[in-house]
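Colleague: Structure file target-v1.txt (compact mmCIF, N, CA and C atoms) right here:
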# COMPACT_ATOMS: atom_id res chain seq x y z
N MET L 1 0.82 -1.20 0.00
CA MET L 1 0.00 0.00 0.00
C MET L 1 0.86 1.26 0.00
N TYR L 2 1.97 1.22 0.74
CA TYR L 2 2.86 2.39 0.81
C TYR L 2 3.39 2.75 -0.58
N ILE L 3 3.78 1.73 -1.34
CA ILE L 3 4.35 1.99 -2.67
C ILE L 3 3.32 2.66 -3.56
N THR L 4 2.10 2.16 -3.56
CA THR L 4 1.04 2.75 -4.38
C THR L 4 0.81 4.20 -4.01
N ASN L 5 0.70 4.48 -2.72
CA ASN L 5 0.49 5.87 -2.28
C ASN L 5 1.68 6.75 -2.65
N SER L 6 2.87 6.23 -2.52
CA SER L 6 4.05 7.02 -2.87
C SER L 6 4.06 7.33 -4.35
N LEU L 7 3.73 6.35 -5.16
CA LEU L 7 3.73 6.58 -6.59
C LEU L 7 2.70 7.63 -6.99
N LEU L 8 1.57 7.60 -6.37
CA LEU L 8 0.52 8.55 -6.72
C LEU L 8 0.80 9.95 -6.20
N THR L 9 1.50 10.05 -5.09
CA THR L 9 1.72 11.37 -4.50
C THR L 9 3.06 11.98 -4.89
N GLU L 10 3.98 11.19 -5.42
CA GLU L 10 5.30 11.71 -5.71
C GLU L 10 5.55 11.84 -7.22
N PHE L 11 4.54 11.93 -8.00
CA PHE L 11 4.70 12.07 -9.45
C PHE L 11 5.35 13.41 -9.75
N ASP L 12 6.35 13.40 -10.58
CA ASP L 12 7.08 14.61 -10.95
C ASP L 12 6.85 14.89 -12.43
N GLN L 13 6.00 15.83 -12.74
CA GLN L 13 5.65 16.15 -14.13
C GLN L 13 6.86 16.59 -14.94
N GLU L 14 7.72 17.38 -14.33
CA GLU L 14 8.91 17.85 -15.05
C GLU L 14 9.81 16.68 -15.43
N LEU L 15 10.00 15.75 -14.52
CA LEU L 15 10.81 14.57 -14.81
C LEU L 15 10.15 13.73 -15.90
N HIS L 16 8.86 13.58 -15.81
CA HIS L 16 8.11 12.83 -16.82
C HIS L 16 8.29 13.47 -18.20
N ASP L 17 8.17 14.78 -18.27
CA ASP L 17 8.31 15.48 -19.54
C ASP L 17 9.72 15.32 -20.11
N ARG L 18 10.73 15.42 -19.26
CA ARG L 18 12.11 15.26 -19.71
C ARG L 18 12.34 13.85 -20.25
N CYS L 19 11.84 12.85 -19.54
CA CYS L 19 12.02 11.46 -19.97
C CYS L 19 11.29 11.21 -21.28
N THR L 20 10.11 11.74 -21.41
CA THR L 20 9.33 11.57 -22.63
C THR L 20 10.08 12.14 -23.82
N MET L 21 10.67 13.29 -23.66
CA MET L 21 11.40 13.91 -24.76
C MET L 21 12.69 13.14 -25.06
N GLU L 22 13.35 12.64 -24.01
CA GLU L 22 14.59 11.90 -24.22
C GLU L 22 14.35 10.62 -24.99
N PHE L 23 13.22 10.00 -24.80
CA PHE L 23 12.94 8.74 -25.46
C PHE L 23 12.30 8.94 -26.82
N GLY L 24 12.26 10.15 -27.30
CA GLY L 24 11.86 10.41 -28.67
C GLY L 24 10.37 10.50 -28.92
N TYR L 25 9.60 10.93 -27.95
CA TYR L 25 8.16 11.06 -28.17
C TYR L 25 7.86 11.94 -29.37
N GLU L 26 8.50 13.11 -29.38
CA GLU L 26 8.23 14.05 -30.49
C GLU L 26 8.68 13.47 -31.82
N GLN L 27 9.82 12.77 -31.82
CA GLN L 27 10.29 12.13 -33.05
C GLN L 27 9.32 11.04 -33.48
N GLY L 28 8.79 10.31 -32.51
CA GLY L 28 7.81 9.27 -32.82
C GLY L 28 6.55 9.84 -33.45
N VAL L 29 6.10 10.96 -32.92
CA VAL L 29 4.92 11.62 -33.48
C VAL L 29 5.21 12.09 -34.90
N ALA L 30 6.37 12.70 -35.09
CA ALA L 30 6.74 13.19 -36.42
C ALA L 30 6.84 12.04 -37.42
N ASP L 31 7.44 10.93 -36.98
CA ASP L 31 7.55 9.75 -37.85
C ASP L 31 6.17 9.21 -38.22
N GLY L 32 5.28 9.17 -37.23
CA GLY L 32 3.92 8.69 -37.48
C GLY L 32 3.17 9.57 -38.45
N GLU L 33 3.34 10.87 -38.30
CA GLU L 33 2.68 11.80 -39.22
C GLU L 33 3.22 11.64 -40.64
N ALA L 34 4.52 11.48 -40.76
CA ALA L 34 5.13 11.31 -42.09
C ALA L 34 4.66 10.00 -42.72
N ARG L 35 4.58 8.95 -41.92
CA ARG L 35 4.12 7.66 -42.44
C ARG L 35 2.65 7.76 -42.88
N GLY L 36 1.85 8.46 -42.11
CA GLY L 36 0.45 8.65 -42.48
C GLY L 36 0.30 9.46 -43.76
N ALA L 37 1.12 10.49 -43.90
CA ALA L 37 1.07 11.31 -45.12
C ALA L 37 1.47 10.48 -46.34
N GLN L 38 2.47 9.62 -46.17
CA GLN L 38 2.90 8.75 -47.27
C GLN L 38 1.79 7.77 -47.65
N GLN L 39 1.15 7.18 -46.65
CA GLN L 39 0.05 6.25 -46.93
C GLN L 39 -1.10 6.97 -47.61
N ASN L 40 -1.37 8.19 -47.22
CA ASN L 40 -2.44 8.97 -47.83
C ASN L 40 -2.10 9.29 -49.29
N ALA L 41 -0.84 9.65 -49.55
CA ALA L 41 -0.43 9.95 -50.93
C ALA L 41 -0.58 8.71 -51.81
N ILE L 42 -0.24 7.55 -51.28
CA ILE L 42 -0.38 6.31 -52.05
C ILE L 42 -1.85 6.00 -52.32
N ALA L 43 -2.69 6.18 -51.31
CA ALA L 43 -4.13 5.94 -51.49
C ALA L 43 -4.70 6.89 -52.54
N ASN L 44 -4.29 8.16 -52.49
CA ASN L 44 -4.75 9.13 -53.47
C ASN L 44 -4.26 8.76 -54.87
N ALA L 45 -3.01 8.32 -54.96
CA ALA L 45 -2.46 7.93 -56.26
C ALA L 45 -3.26 6.79 -56.86
N LYS L 46 -3.60 5.81 -56.04
CA LYS L 46 -4.40 4.69 -56.54
C LYS L 46 -5.76 5.16 -57.03
N ASN L 47 -6.36 6.09 -56.32
CA ASN L 47 -7.66 6.63 -56.74
C ASN L 47 -7.54 7.38 -58.07
N PHE L 48 -6.50 8.19 -58.22
CA PHE L 48 -6.28 8.90 -59.48
C PHE L 48 -6.07 7.91 -60.63
N LEU L 49 -5.28 6.87 -60.38
CA LEU L 49 -5.02 5.88 -61.43
C LEU L 49 -6.31 5.16 -61.83
N GLN L 50 -7.16 4.85 -60.85
CA GLN L 50 -8.43 4.19 -61.16
C GLN L 50 -9.33 5.09 -61.99
N GLU L 51 -9.18 6.39 -61.83
CA GLU L 51 -9.97 7.35 -62.61
C GLU L 51 -9.40 7.55 -64.01
N GLY L 52 -8.24 6.93 -64.28
CA GLY L 52 -7.67 6.99 -65.61
C GLY L 52 -6.65 8.08 -65.83
N ASP L 53 -6.22 8.76 -64.78
CA ASP L 53 -5.21 9.80 -64.94
C ASP L 53 -3.86 9.18 -65.28
N SER L 54 -3.04 9.94 -65.97
CA SER L 54 -1.72 9.44 -66.39
C SER L 54 -0.81 9.33 -65.16
N PRO L 55 0.12 8.39 -65.20
CA PRO L 55 1.07 8.25 -64.09
C PRO L 55 1.86 9.54 -63.83
N GLU L 56 2.20 10.26 -64.90
CA GLU L 56 2.94 11.51 -64.74
C GLU L 56 2.12 12.53 -63.94
N LYS L 57 0.84 12.65 -64.27
CA LYS L 57 -0.03 13.58 -63.55
C LYS L 57 -0.20 13.14 -62.10
N VAL L 58 -0.38 11.84 -61.89
CA VAL L 58 -0.56 11.31 -60.54
C VAL L 58 0.68 11.59 -59.70
N ALA L 59 1.85 11.35 -60.27
CA ALA L 59 3.10 11.60 -59.54
C ALA L 59 3.21 13.07 -59.15
N ARG L 60 2.86 13.94 -60.07
CA ARG L 60 2.93 15.38 -59.82
C ARG L 60 1.93 15.79 -58.74
N CYS L 61 0.71 15.33 -58.84
CA CYS L 61 -0.35 15.75 -57.92
C CYS L 61 -0.20 15.15 -56.52
N CYS L 62 0.38 13.98 -56.44
CA CYS L 62 0.51 13.29 -55.14
C CYS L 62 1.91 13.42 -54.54
N SER L 63 2.79 14.13 -55.24
CA SER L 63 4.17 14.31 -54.78
C SER L 63 4.86 12.98 -54.52
N LEU L 64 4.69 12.07 -55.46
CA LEU L 64 5.34 10.76 -55.39
C LEU L 64 6.28 10.62 -56.58
N PRO L 65 7.34 9.83 -56.43
CA PRO L 65 8.21 9.57 -57.59
C PRO L 65 7.44 8.83 -58.68
N LEU L 66 7.73 9.16 -59.92
CA LEU L 66 7.05 8.52 -61.04
C LEU L 66 7.24 7.00 -60.99
N GLU L 67 8.42 6.56 -60.62
CA GLU L 67 8.69 5.12 -60.56
C GLU L 67 7.74 4.43 -59.58
N GLN L 68 7.47 5.07 -58.46
CA GLN L 68 6.57 4.48 -57.47
C GLN L 68 5.14 4.41 -58.01
N VAL L 69 4.73 5.44 -58.72
CA VAL L 69 3.39 5.45 -59.31
C VAL L 69 3.27 4.36 -60.36
N LEU L 70 4.32 4.16 -61.15
CA LEU L 70 4.29 3.10 -62.15
C LEU L 70 4.19 1.72 -61.50
N VAL L 71 4.88 1.53 -60.38
CA VAL L 71 4.77 0.26 -59.64
C VAL L 71 3.35 0.09 -59.14
N LEU L 72 2.74 1.13 -58.59
CA LEU L 72 1.36 1.04 -58.12
C LEU L 72 0.42 0.68 -59.27
N LYS L 73 0.63 1.31 -60.41
CA LYS L 73 -0.22 1.04 -61.57
C LYS L 73 -0.09 -0.43 -61.99
N ASN L 74 1.14 -0.95 -62.05
CA ASN L 74 1.34 -2.34 -62.41
C ASN L 74 0.70 -3.30 -61.40
N GLU L 75 0.80 -2.96 -60.12
CA GLU L 75 0.17 -3.78 -59.09
C GLU L 75 -1.35 -3.82 -59.25
N MET L 76 -1.91 -2.67 -59.61
CA MET L 76 -3.37 -2.60 -59.78
C MET L 76 -3.82 -3.40 -61.00
N VAL L 77 -3.02 -3.41 -62.06
CA VAL L 77 -3.35 -4.16 -63.27
C VAL L 77 -3.30 -5.65 -62.99
N GLN L 78 -2.31 -6.07 -62.22
CA GLN L 78 -2.13 -7.49 -61.91
C GLN L 78 -3.16 -8.02 -60.93
N ALA L 79 -3.75 -7.14 -60.14
CA ALA L 79 -4.71 -7.59 -59.11
C ALA L 79 -6.06 -7.93 -59.68
Show me this structure written as structure tokens.

Modeller:
Amino acid sequence: MYITNSLLTEFDQELHDRCTMEFGYEQGVADGEARGAQQNAIANAKNFLQEGDSPEKVARCCSLPLEQVLVLKNEMVQA
């Protein structure tokens, strides 16, 4: 019981914040956002390709390399 009470009453927010930053919380959030943006660009590219847009236009509009768009197009044809 003593340990539980100590843990609840001795929480140090400043120490928690420092540890969170040291272990890369902000970097983790940034990485997650970048990964989500990449997944969104790929989903948009697939939608554009299904609508019949050219790979060059899709690459330009979705900010993806043309080579990646061509791979997506080939994958969609094969599926």

Colleague: Extract the full set of alpha helix (DSSP H) residues from chain L according to DSSP on the backbone, and format it as number ranges by chain.

Modeller: L: 2-9, 13-22, 25-50, 55-62, 66-78

Colleague: Can you tell me, as an MDAnalysis selection string, what residues are no more than 7 Å from L:Leu72 when counting all atoms listed in the file, ignoring any on the same chain fewer than 5 positions away?

Modeller: chainID L and resid 46 67 77

Colleague: Could you work out how far atom CA of L:Val29 lies from atom CA of L:Val71, giving the answer in Å with one decimal?

Modeller: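 According to the coordinates, atom CA of L:Val71 and atom CA of L:Val29 are separated by 28.5 Å.
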
Colleague: Could you jot down the atom C of L:Ala34 to atom C of L:Pro65 separation for me, Å, one decimal place?

Modeller: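 So the two atoms, atom C of L:Ala34 and atom C of L:Pro65, lie 16.2 Å apart.
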
Colleague: Rounded to one decimal, what separation in Å do you get between atom C of L:Pro55 and atom C of L:Asn74?

Modeller: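 So the two atoms, atom C of L:Pro55 and atom C of L:Asn74, lie 13.1 Å apart.
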
Colleague: Pick the closest to L:Cys61 from L:Cys19, L:Ala30, L:Ala79, L:Ala45: which is it, counting all atoms listed in the file?

Modeller: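 Among the listed residues, the smallest separation from L:Cys61 belongs to L:Ala45.
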
Colleague: Under the rule that only N, CA and C atoms are counted, which of L:Gln27, L:Gly32, L:Cys62, L:Leu70 is the nearest residue to L:Asn44?

Modeller: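 Ranked by minimum distance to L:Asn44, first place goes to L:Cys62.
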
Colleague: Just checking: using only C-alpha atoms, which residue out of L:Asp53, L:Val69, L:Met76, L:His16 ends up closest to L:Ala41?

Modeller: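 Closest residue, counting only C-alpha atoms: L:Val69.
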